[in-house]
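**Q** I'd like to ask some things about the structure below.
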Amino acid sequence: MSSPTAPTPSGPTGPSPSSRPTALVTGATAGIGLEFARQLARSGHDLVLVARDEPRLQSVAAELRAASGVGVEVLRADLVDADDLARVEERVADRERPVDLLVNNAGFGLKKRFLDNPVEDEVAMLQVLVTAVLRLSHAALGAMTERGHGGIINVSSVAAFLPRGSYSAAKAWVNSFSEWAAHEYRTAGVTVTALCPGFTKTEFHERMQVKRGDNFMWLDVEFLVEKALADHAKGRVFSVPGAQYKTVVALTRAIPSGVLQRFQSIGRR
(Lines give C-alpha, C1' and ligand atoms only; values in the text may rest on other atoms or scores of the structure.)
Protein backbone atom coordinates (compact mmCIF):
# COMPACT_ATOMS: atom_id res chain seq x y z
CA MET A 1 0.00 0.00 0.00
CA SER A 2 1.17 3.54 -0.64
CA SER A 3 1.65 5.81 2.33
CA PRO A 4 -1.49 7.80 3.25
CA THR A 5 -1.64 11.28 1.79
CA ALA A 6 -4.13 14.08 2.05
CA PRO A 7 -6.86 14.20 -0.59
CA THR A 8 -6.76 16.66 -3.42
CA PRO A 9 -10.36 17.48 -4.29
CA SER A 10 -11.23 18.83 -7.67
CA GLY A 11 -14.56 20.52 -8.06
CA PRO A 12 -17.10 19.93 -10.82
CA THR A 13 -15.19 20.83 -13.96
CA GLY A 14 -17.75 19.40 -16.36
CA PRO A 15 -21.11 20.97 -17.22
CA SER A 16 -22.85 23.13 -14.62
CA PRO A 17 -25.15 21.37 -12.11
CA SER A 18 -28.13 19.80 -13.82
CA SER A 19 -31.19 17.72 -13.09
CA ARG A 20 -29.28 14.54 -13.96
CA PRO A 21 -28.83 12.01 -11.15
CA THR A 22 -25.37 11.82 -9.60
CA ALA A 23 -23.44 8.63 -8.89
CA LEU A 24 -20.33 8.45 -6.70
CA VAL A 25 -18.00 5.55 -7.50
CA THR A 26 -14.99 4.58 -5.40
CA GLY A 27 -12.06 2.84 -7.07
CA ALA A 28 -13.25 4.45 -10.29
CA THR A 29 -10.12 4.46 -12.42
CA ALA A 30 -9.79 0.75 -13.19
CA GLY A 31 -11.65 -2.53 -13.49
CA ILE A 32 -15.21 -2.81 -12.20
CA GLY A 33 -15.25 0.77 -10.89
CA LEU A 34 -14.21 2.21 -14.24
CA GLU A 35 -16.86 0.17 -16.03
CA PHE A 36 -19.50 1.38 -13.56
CA ALA A 37 -18.44 4.95 -14.33
CA ARG A 38 -18.64 4.39 -18.08
CA GLN A 39 -22.05 2.71 -18.04
CA LEU A 40 -23.51 5.21 -15.58
CA ALA A 41 -22.24 8.09 -17.72
CA ARG A 42 -23.84 6.57 -20.81
CA SER A 43 -27.13 6.27 -18.93
CA GLY A 44 -27.05 10.00 -18.12
CA HIS A 45 -25.56 10.17 -14.63
CA ASP A 46 -23.26 12.94 -13.52
CA LEU A 47 -20.33 11.41 -11.66
CA VAL A 48 -18.09 11.83 -8.65
CA LEU A 49 -15.02 9.66 -9.16
CA VAL A 50 -12.91 8.61 -6.17
CA ALA A 51 -9.49 6.97 -6.41
CA ARG A 52 -5.88 7.41 -5.26
CA ASP A 53 -4.26 8.20 -8.61
CA GLU A 54 -4.80 11.85 -9.56
CA PRO A 55 -3.50 11.61 -13.17
CA ARG A 56 -5.70 8.57 -13.88
CA LEU A 57 -8.69 10.31 -12.28
CA GLN A 58 -8.23 13.32 -14.53
CA SER A 59 -7.75 11.12 -17.59
CA VAL A 60 -10.92 9.10 -16.89
CA ALA A 61 -12.89 12.26 -16.15
CA ALA A 62 -11.83 13.80 -19.47
CA GLU A 63 -12.75 10.58 -21.31
CA LEU A 64 -16.24 10.46 -19.78
CA ARG A 65 -16.98 14.14 -20.33
CA ALA A 66 -15.99 13.82 -23.99
CA ALA A 67 -17.85 10.55 -24.58
CA SER A 68 -21.09 11.24 -22.71
CA GLY A 69 -21.28 14.98 -22.03
CA VAL A 70 -21.95 14.49 -18.33
CA GLY A 71 -20.60 16.44 -15.37
CA VAL A 72 -17.63 14.74 -13.73
CA GLU A 73 -16.11 15.66 -10.37
CA VAL A 74 -12.95 14.00 -9.13
CA LEU A 75 -11.84 13.41 -5.56
CA ARG A 76 -8.39 11.94 -4.98
CA ALA A 77 -8.46 9.95 -1.76
CA ASP A 78 -6.86 6.91 -0.17
CA LEU A 79 -9.64 5.20 1.79
CA VAL A 80 -7.11 3.65 4.16
CA ASP A 81 -6.44 7.13 5.53
CA ALA A 82 -9.04 8.41 8.02
CA ASP A 83 -8.81 12.04 6.86
CA ASP A 84 -9.23 11.08 3.22
CA LEU A 85 -12.19 8.86 4.05
CA ALA A 86 -13.82 11.67 6.05
CA ARG A 87 -13.49 13.95 3.03
CA VAL A 88 -15.34 11.43 0.86
CA GLU A 89 -17.98 10.94 3.57
CA GLU A 90 -18.56 14.68 3.60
CA ARG A 91 -19.14 14.68 -0.16
CA VAL A 92 -21.55 11.74 0.03
CA ALA A 93 -23.54 13.42 2.78
CA ASP A 94 -23.71 16.84 1.06
CA ARG A 95 -27.40 17.80 0.95
CA GLU A 96 -26.75 20.64 -1.50
CA ARG A 97 -25.11 18.32 -4.06
CA PRO A 98 -26.96 15.04 -3.50
CA VAL A 99 -25.53 11.67 -4.44
CA ASP A 100 -28.32 9.51 -5.86
CA LEU A 101 -26.28 6.32 -6.23
CA LEU A 102 -23.26 5.27 -4.18
CA VAL A 103 -21.08 2.49 -5.62
CA ASN A 104 -18.73 1.16 -2.93
CA ASN A 105 -16.31 -0.54 -5.28
CA ALA A 106 -12.79 0.25 -3.99
CA GLY A 107 -10.89 -2.76 -2.78
CA PHE A 108 -7.89 -5.02 -3.10
CA GLY A 109 -6.87 -8.54 -2.18
CA LEU A 110 -3.77 -10.13 -0.67
CA LYS A 111 -2.19 -13.09 -2.45
CA LYS A 112 -0.64 -14.73 0.61
CA ARG A 113 -2.39 -16.50 3.46
CA PHE A 114 -3.23 -14.68 6.66
CA LEU A 115 -0.07 -15.31 8.69
CA ASP A 116 2.16 -14.69 5.67
CA ASN A 117 0.91 -11.11 5.34
CA PRO A 118 2.09 -8.22 7.55
CA VAL A 119 -0.73 -7.37 9.93
CA GLU A 120 -0.59 -3.78 8.65
CA ASP A 121 -1.59 -5.02 5.18
CA GLU A 122 -4.45 -7.03 6.66
CA VAL A 123 -5.69 -3.99 8.58
CA ALA A 124 -5.44 -1.77 5.49
CA MET A 125 -7.52 -4.27 3.52
CA LEU A 126 -10.11 -4.33 6.30
CA GLN A 127 -10.23 -0.53 6.29
CA VAL A 128 -11.08 -0.43 2.58
CA LEU A 129 -13.38 -3.45 2.38
CA VAL A 130 -15.33 -2.90 5.61
CA THR A 131 -14.72 0.44 7.36
CA ALA A 132 -15.03 2.53 4.19
CA VAL A 133 -18.19 0.68 3.13
CA LEU A 134 -19.72 1.21 6.58
CA ARG A 135 -18.86 4.89 6.85
CA LEU A 136 -19.83 5.84 3.29
CA SER A 137 -23.06 3.85 3.52
CA HIS A 138 -23.89 5.60 6.79
CA ALA A 139 -23.34 8.99 5.16
CA ALA A 140 -25.37 8.03 2.09
CA LEU A 141 -28.27 6.48 3.97
CA GLY A 142 -28.67 9.55 6.15
CA ALA A 143 -29.06 11.84 3.14
CA MET A 144 -31.05 9.39 1.02
CA THR A 145 -33.64 8.54 3.68
CA GLU A 146 -34.22 12.26 4.22
CA ARG A 147 -34.92 12.70 0.50
CA GLY A 148 -36.93 9.49 0.28
CA HIS A 149 -34.93 7.96 -2.57
CA GLY A 150 -31.48 6.70 -3.46
CA GLY A 151 -29.41 3.60 -4.04
CA ILE A 152 -26.24 1.86 -2.88
CA ILE A 153 -24.34 -0.89 -4.67
CA ASN A 154 -21.72 -2.59 -2.49
CA VAL A 155 -19.24 -4.60 -4.51
CA SER A 156 -18.76 -7.84 -2.59
CA SER A 157 -17.55 -11.18 -4.01
CA VAL A 158 -18.52 -14.79 -4.52
CA ALA A 159 -15.65 -15.35 -2.07
CA ALA A 160 -18.05 -14.17 0.64
CA PHE A 161 -19.72 -17.59 0.43
CA LEU A 162 -16.42 -19.46 0.80
CA PRO A 163 -13.97 -19.95 3.69
CA ARG A 164 -11.00 -18.05 2.24
CA GLY A 165 -9.46 -16.06 5.08
CA SER A 166 -9.84 -12.41 5.95
CA TYR A 167 -10.84 -11.31 2.43
CA SER A 168 -13.80 -13.69 2.42
CA ALA A 169 -14.68 -12.69 5.99
CA ALA A 170 -14.72 -9.02 4.99
CA LYS A 171 -16.90 -9.72 1.97
CA ALA A 172 -19.24 -11.85 4.10
CA TRP A 173 -19.67 -8.78 6.28
CA VAL A 174 -20.50 -6.72 3.19
CA ASN A 175 -23.17 -9.26 2.19
CA SER A 176 -24.71 -9.38 5.65
CA PHE A 177 -24.66 -5.60 6.06
CA SER A 178 -26.11 -5.02 2.59
CA GLU A 179 -28.91 -7.54 3.10
CA TRP A 180 -29.85 -5.95 6.42
CA ALA A 181 -29.71 -2.40 5.02
CA ALA A 182 -31.75 -3.40 1.96
CA HIS A 183 -34.65 -4.54 4.14
CA GLU A 184 -34.22 -1.84 6.78
CA TYR A 185 -34.35 1.13 4.39
CA ARG A 186 -36.46 -0.18 1.53
CA THR A 187 -39.56 1.51 2.96
CA ALA A 188 -37.60 4.80 3.06
CA GLY A 189 -37.09 4.60 -0.71
CA VAL A 190 -33.49 3.36 -0.72
CA THR A 191 -32.38 0.27 -2.68
CA VAL A 192 -29.26 -1.55 -1.48
CA THR A 193 -27.64 -4.29 -3.57
CA ALA A 194 -24.60 -6.47 -2.91
CA LEU A 195 -22.82 -7.34 -6.15
CA CYS A 196 -20.97 -10.66 -5.86
CA PRO A 197 -18.58 -11.08 -8.79
CA GLY A 198 -16.58 -14.16 -9.52
CA PHE A 199 -13.30 -14.05 -11.45
CA THR A 200 -13.46 -10.98 -13.69
CA LYS A 201 -11.16 -9.79 -16.46
CA THR A 202 -9.76 -6.65 -14.77
CA GLU A 203 -6.52 -5.47 -13.18
CA PHE A 204 -7.56 -6.86 -9.77
CA HIS A 205 -5.69 -10.16 -10.00
CA GLU A 206 -2.73 -8.62 -11.80
CA ARG A 207 -2.24 -6.25 -8.85
CA MET A 208 -2.17 -9.31 -6.59
CA GLN A 209 0.46 -10.82 -8.93
CA VAL A 210 -1.96 -13.63 -9.72
CA LYS A 211 -2.23 -14.97 -13.26
CA ARG A 212 -5.50 -14.06 -14.92
CA GLY A 213 -7.33 -16.86 -16.69
CA ASP A 214 -9.42 -16.81 -19.85
CA ASN A 215 -11.74 -19.79 -19.45
CA PHE A 216 -15.50 -19.83 -18.92
CA MET A 217 -15.10 -18.90 -15.23
CA TRP A 218 -13.72 -15.47 -16.12
CA LEU A 219 -16.40 -12.83 -16.69
CA ASP A 220 -16.22 -9.82 -18.98
CA VAL A 221 -16.47 -6.66 -16.92
CA GLU A 222 -19.02 -5.09 -19.27
CA PHE A 223 -21.41 -8.01 -18.75
CA LEU A 224 -20.82 -7.97 -15.00
CA VAL A 225 -21.69 -4.30 -14.53
CA GLU A 226 -24.63 -4.43 -16.94
CA LYS A 227 -26.16 -7.27 -14.92
CA ALA A 228 -25.42 -5.51 -11.64
CA LEU A 229 -27.18 -2.32 -12.71
CA ALA A 230 -30.13 -4.31 -14.05
CA ASP A 231 -30.46 -6.25 -10.79
CA HIS A 232 -30.21 -3.03 -8.77
CA ALA A 233 -32.92 -1.41 -10.90
CA LYS A 234 -35.14 -4.42 -10.13
CA GLY A 235 -34.55 -3.94 -6.40
CA ARG A 236 -32.63 -7.18 -5.93
CA VAL A 237 -30.62 -7.53 -2.72
CA PHE A 238 -27.96 -9.77 -4.29
CA SER A 239 -26.56 -9.69 -7.80
CA VAL A 240 -24.54 -12.76 -8.82
CA PRO A 241 -23.81 -12.37 -12.55
CA GLY A 242 -23.19 -15.51 -14.56
CA ALA A 243 -24.90 -18.90 -14.40
CA GLN A 244 -21.59 -20.49 -13.38
CA TYR A 245 -21.39 -18.35 -10.26
CA LYS A 246 -25.03 -18.80 -9.36
CA THR A 247 -24.18 -22.52 -9.38
CA VAL A 248 -21.10 -21.95 -7.20
CA VAL A 249 -23.16 -20.04 -4.63
CA ALA A 250 -25.79 -22.77 -4.60
CA LEU A 251 -23.11 -25.44 -4.08
CA THR A 252 -21.60 -23.60 -1.12
CA ARG A 253 -24.86 -24.11 0.72
CA ALA A 254 -24.64 -27.88 0.21
CA ILE A 255 -20.92 -28.61 0.63
CA PRO A 256 -19.41 -28.62 4.17
CA SER A 257 -17.10 -25.68 4.83
CA GLY A 258 -14.26 -28.04 5.74
CA VAL A 259 -14.34 -29.44 2.21
CA LEU A 260 -14.55 -25.98 0.65
CA GLN A 261 -11.54 -24.83 2.62
CA ARG A 262 -9.34 -27.36 0.83
CA PHE A 263 -9.76 -25.31 -2.34
CA GLN A 264 -8.88 -21.91 -0.88
CA SER A 265 -5.66 -21.67 -2.93
CA ILE A 266 -7.69 -21.31 -6.15
CA GLY A 267 -7.19 -17.81 -7.53
CA ARG A 268 -3.96 -17.17 -5.60
CA ARG A 269 -1.43 -18.64 -8.04
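Every chain in the C-alpha coordinates takes a letter, A first, then B, and so on in the order presented; its residues are numbered from 1, and the ligands are numbered from 1 following the presented order.
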If you count only C-alpha atoms, which residues fall within 12 Å of region 234-237 of chain A, apart from same-chain ones fewer than 6 positions away, as JSON, numbers by chain?
**A** {"A": [150, 151, 152, 153, 154, 155, 156, 174, 175, 176, 177, 178, 179, 180, 181, 182, 183, 184, 185, 186, 187, 189, 190, 191, 192, 193, 194, 195, 196, 227, 228]}
**Q** Quick one: DSSP strand (DSSP E) residues in region 93-167 of chain A, as a VMD selection string?
**A** chain A and resid 101 to 104 150 to 155
**Q** Can you write out the residues you just picked, keeping all heavy atoms, as a PDB file, in the first residue's frame?
**A**
ATOM      1  N   LEU A 101     -26.737   7.703  -6.234  1.00  0.00           N
ATOM      2  CA  LEU A 101     -26.280   6.317  -6.235  1.00  0.00           C
ATOM      3  C   LEU A 101     -24.849   6.278  -5.731  1.00  0.00           C
ATOM      4  O   LEU A 101     -23.971   6.960  -6.281  1.00  0.00           O
ATOM      5  CB  LEU A 101     -26.352   5.712  -7.632  1.00  0.00           C
ATOM      6  CG  LEU A 101     -25.784   4.295  -7.791  1.00  0.00           C
ATOM      7  CD1 LEU A 101     -26.585   3.290  -6.965  1.00  0.00           C
ATOM      8  CD2 LEU A 101     -25.756   3.870  -9.258  1.00  0.00           C
ATOM      9  N   LEU A 102     -24.609   5.498  -4.690  1.00  0.00           N
ATOM     10  CA  LEU A 102     -23.256   5.268  -4.179  1.00  0.00           C
ATOM     11  C   LEU A 102     -22.813   3.878  -4.604  1.00  0.00           C
ATOM     12  O   LEU A 102     -23.511   2.892  -4.333  1.00  0.00           O
ATOM     13  CB  LEU A 102     -23.244   5.377  -2.659  1.00  0.00           C
ATOM     14  CG  LEU A 102     -21.985   4.880  -1.939  1.00  0.00           C
ATOM     15  CD1 LEU A 102     -20.759   5.724  -2.312  1.00  0.00           C
ATOM     16  CD2 LEU A 102     -22.194   4.862  -0.429  1.00  0.00           C
ATOM     17  N   VAL A 103     -21.655   3.790  -5.254  1.00  0.00           N
ATOM     18  CA  VAL A 103     -21.084   2.491  -5.621  1.00  0.00           C
ATOM     19  C   VAL A 103     -19.803   2.299  -4.807  1.00  0.00           C
ATOM     20  O   VAL A 103     -18.767   2.916  -5.099  1.00  0.00           O
ATOM     21  CB  VAL A 103     -20.786   2.399  -7.128  1.00  0.00           C
ATOM     22  CG1 VAL A 103     -20.221   1.013  -7.464  1.00  0.00           C
ATOM     23  CG2 VAL A 103     -22.042   2.669  -7.952  1.00  0.00           C
ATOM     24  N   ASN A 104     -19.897   1.491  -3.764  1.00  0.00           N
ATOM     25  CA  ASN A 104     -18.732   1.164  -2.934  1.00  0.00           C
ATOM     26  C   ASN A 104     -17.971   0.047  -3.617  1.00  0.00           C
ATOM     27  O   ASN A 104     -18.218  -1.138  -3.386  1.00  0.00           O
ATOM     28  CB  ASN A 104     -19.195   0.712  -1.543  1.00  0.00           C
ATOM     29  CG  ASN A 104     -19.514   1.871  -0.630  1.00  0.00           C
ATOM     30  OD1 ASN A 104     -18.760   2.840  -0.535  1.00  0.00           O
ATOM     31  ND2 ASN A 104     -20.642   1.783   0.066  1.00  0.00           N
ATOM     32  N   GLY A 150     -32.915   6.854  -3.270  1.00  0.00           N
ATOM     33  CA  GLY A 150     -31.482   6.696  -3.464  1.00  0.00           C
ATOM     34  C   GLY A 150     -31.118   5.232  -3.594  1.00  0.00           C
ATOM     35  O   GLY A 150     -31.966   4.342  -3.466  1.00  0.00           O
ATOM     36  N   GLY A 151     -29.848   4.979  -3.878  1.00  0.00           N
ATOM     37  CA  GLY A 151     -29.410   3.597  -4.044  1.00  0.00           C
ATOM     38  C   GLY A 151     -27.953   3.429  -3.663  1.00  0.00           C
ATOM     39  O   GLY A 151     -27.149   4.359  -3.760  1.00  0.00           O
ATOM     40  N   ILE A 152     -27.623   2.225  -3.216  1.00  0.00           N
ATOM     41  CA  ILE A 152     -26.243   1.855  -2.881  1.00  0.00           C
ATOM     42  C   ILE A 152     -25.955   0.491  -3.494  1.00  0.00           C
ATOM     43  O   ILE A 152     -26.755  -0.439  -3.354  1.00  0.00           O
ATOM     44  CB  ILE A 152     -26.031   1.778  -1.357  1.00  0.00           C
ATOM     45  CG1 ILE A 152     -26.284   3.143  -0.692  1.00  0.00           C
ATOM     46  CG2 ILE A 152     -24.613   1.300  -1.034  1.00  0.00           C
ATOM     47  CD1 ILE A 152     -26.234   3.095   0.827  1.00  0.00           C
ATOM     48  N   ILE A 153     -24.832   0.390  -4.191  1.00  0.00           N
ATOM     49  CA  ILE A 153     -24.338  -0.893  -4.666  1.00  0.00           C
ATOM     50  C   ILE A 153     -23.009  -1.148  -3.971  1.00  0.00           C
ATOM     51  O   ILE A 153     -22.057  -0.362  -4.133  1.00  0.00           O
ATOM     52  CB  ILE A 153     -24.149  -0.921  -6.193  1.00  0.00           C
ATOM     53  CG1 ILE A 153     -25.478  -0.708  -6.910  1.00  0.00           C
ATOM     54  CG2 ILE A 153     -23.521  -2.250  -6.630  1.00  0.00           C
ATOM     55  CD1 ILE A 153     -25.369  -0.614  -8.430  1.00  0.00           C
ATOM     56  N   ASN A 154     -22.945  -2.198  -3.171  1.00  0.00           N
ATOM     57  CA  ASN A 154     -21.719  -2.588  -2.487  1.00  0.00           C
ATOM     58  C   ASN A 154     -21.097  -3.749  -3.242  1.00  0.00           C
ATOM     59  O   ASN A 154     -21.712  -4.822  -3.350  1.00  0.00           O
ATOM     60  CB  ASN A 154     -22.011  -2.996  -1.044  1.00  0.00           C
ATOM     61  CG  ASN A 154     -22.445  -1.827  -0.195  1.00  0.00           C
ATOM     62  OD1 ASN A 154     -21.952  -0.697  -0.366  1.00  0.00           O
ATOM     63  ND2 ASN A 154     -23.368  -2.065   0.741  1.00  0.00           N
ATOM     64  N   VAL A 155     -19.899  -3.544  -3.764  1.00  0.00           N
ATOM     65  CA  VAL A 155     -19.243  -4.602  -4.515  1.00  0.00           C
ATOM     66  C   VAL A 155     -18.637  -5.591  -3.528  1.00  0.00           C
ATOM     67  O   VAL A 155     -17.677  -5.279  -2.820  1.00  0.00           O
ATOM     68  CB  VAL A 155     -18.177  -4.045  -5.471  1.00  0.00           C
ATOM     69  CG1 VAL A 155     -17.481  -5.202  -6.210  1.00  0.00           C
ATOM     70  CG2 VAL A 155     -18.829  -3.092  -6.479  1.00  0.00           C
TER      71      VAL A 155
END
**Q** So that I can check the surroundings of Asp46 (chain A), please list as a count of residues only every protein, DNA and RNA residue that reaches within 7 Å of it, counting only C-alpha atoms and ignoring chain neighbours fewer than 4 positions away.
**A** 8
**Q** Which residue out of A:Pro98, A:Val130, A:Phe223, A:Asp84 has the minimum interatomic distance to His149 (chain A) when only C-alpha atoms are used?
**A**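 Among A:Pro98, A:Val130, A:Phe223, A:Asp84, it is A:Pro98 that comes nearest to His149 (chain A).
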**Q** Can you work out the spacing between CA of Val123 (chain A) and CA of Phe161 (chain A) in Å, to one decimal?
**A**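 One can read the CA of Val123 (chain A) to CA of Phe161 (chain A) distance as 21.2 Å.
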**Q** One decimal, in Å: what's the spacing between CA of Phe199 (chain A) and CA of Val80 (chain A)?
**A**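 Separation of CA of Phe199 (chain A) and CA of Val80 (chain A): 24.4 Å.
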**Q** Can you pull out every residue within 10 Å of Ala124 (chain A), counting only C-alpha atoms, but drop anything in the same chain fewer than 4 positions away, and send it as number ranges by chain?
**A** A: 1, 79-81, 107-108, 119-120, 128-131
**Q** What is the distance, in Å and to one decimal place, between CA of Ser239 (chain A) and CA of Leu85 (chain A)?
**A**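 Distance reported for this atom pair: 26.3 Å.
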**Q** Quick one: of A:Val99, A:Ala30, A:Met217, A:Val25, who's nearest to Val74 (chain A), counting only C-alpha atoms?
**A**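 When distances to Val74 (chain A) are compared using only C-alpha atoms, the smallest one comes from A:Val25.
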**Q** From the set A:Ala243, A:Ala77, A:Ser166, A:Ala66, which residue has the shortest atom-to-atom contact distance to Arg113 (chain A), counting only C-alpha atoms?
**A**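 Between A:Ala243, A:Ala77, A:Ser166, A:Ala66, the residue approaching Arg113 (chain A) most closely is A:Ser166.
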**Q** Between A:Arg164, A:Thr29, A:Arg87, A:Ser137, which one has atoms that come closest to Ser59 (chain A), using only C-alpha atoms?
**A** A:Thr29
**Q** Skipping near chain neighbours, those fewer than 5 positions away, what residues fall within 6 Å of Ala28 (chain A) using only C-alpha atoms, listed as a PyMOL selection string?
**A** chain A and resi 33-34+49-51
**Q** Take the residues from that selection and put them in a file with N, CA and C atoms, as a short mmCIF file (atom, residue, chain, number, x, y, z; two decimals), in the first residue's frame.
**A**
data_model
loop_
_atom_site.label_atom_id
_atom_site.label_comp_id
_atom_site.auth_asym_id
_atom_site.auth_seq_id
_atom_site.Cartn_x
_atom_site.Cartn_y
_atom_site.Cartn_z
N GLY A 33 -14.89 -0.62 -11.17
CA GLY A 33 -15.25 0.77 -10.89
C GLY A 33 -15.27 1.62 -12.14
N LEU A 34 -14.26 1.46 -12.99
CA LEU A 34 -14.21 2.21 -14.24
C LEU A 34 -15.39 1.85 -15.13
N LEU A 49 -15.96 10.77 -9.07
CA LEU A 49 -15.02 9.66 -9.16
C LEU A 49 -14.00 9.75 -8.03
N VAL A 50 -13.83 8.65 -7.30
CA VAL A 50 -12.91 8.61 -6.17
C VAL A 50 -11.86 7.54 -6.42
N ALA A 51 -10.59 7.92 -6.29
CA ALA A 51 -9.49 6.97 -6.41
C ALA A 51 -8.23 7.65 -5.88
#
**Q** Counting only C-alpha atoms, which residue out of A:Ala132, A:Leu115, A:Ala106, A:Ala143 sits closest to Gly31 (chain A)?
**A**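 Among the listed residues, A:Ala106 lies closest to Gly31 (chain A).
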**Q** For Gly142 (chain A), which residue out of A:Ala160, A:Ala93, A:Val240, A:Leu110 is the nearest one, using only C-alpha atoms?
**A**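 When distances to Gly142 (chain A) are compared using only C-alpha atoms, the smallest one comes from A:Ala93.
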**Q** Could you go through region 18-129 of chain A and tell me which residues DSSP, when run on the backbone, assigns to alpha helix (DSSP H), listing them as a VMD selection string?
**A** chain A and resid 31 to 42 54 to 68 82 to 93 119 to 126
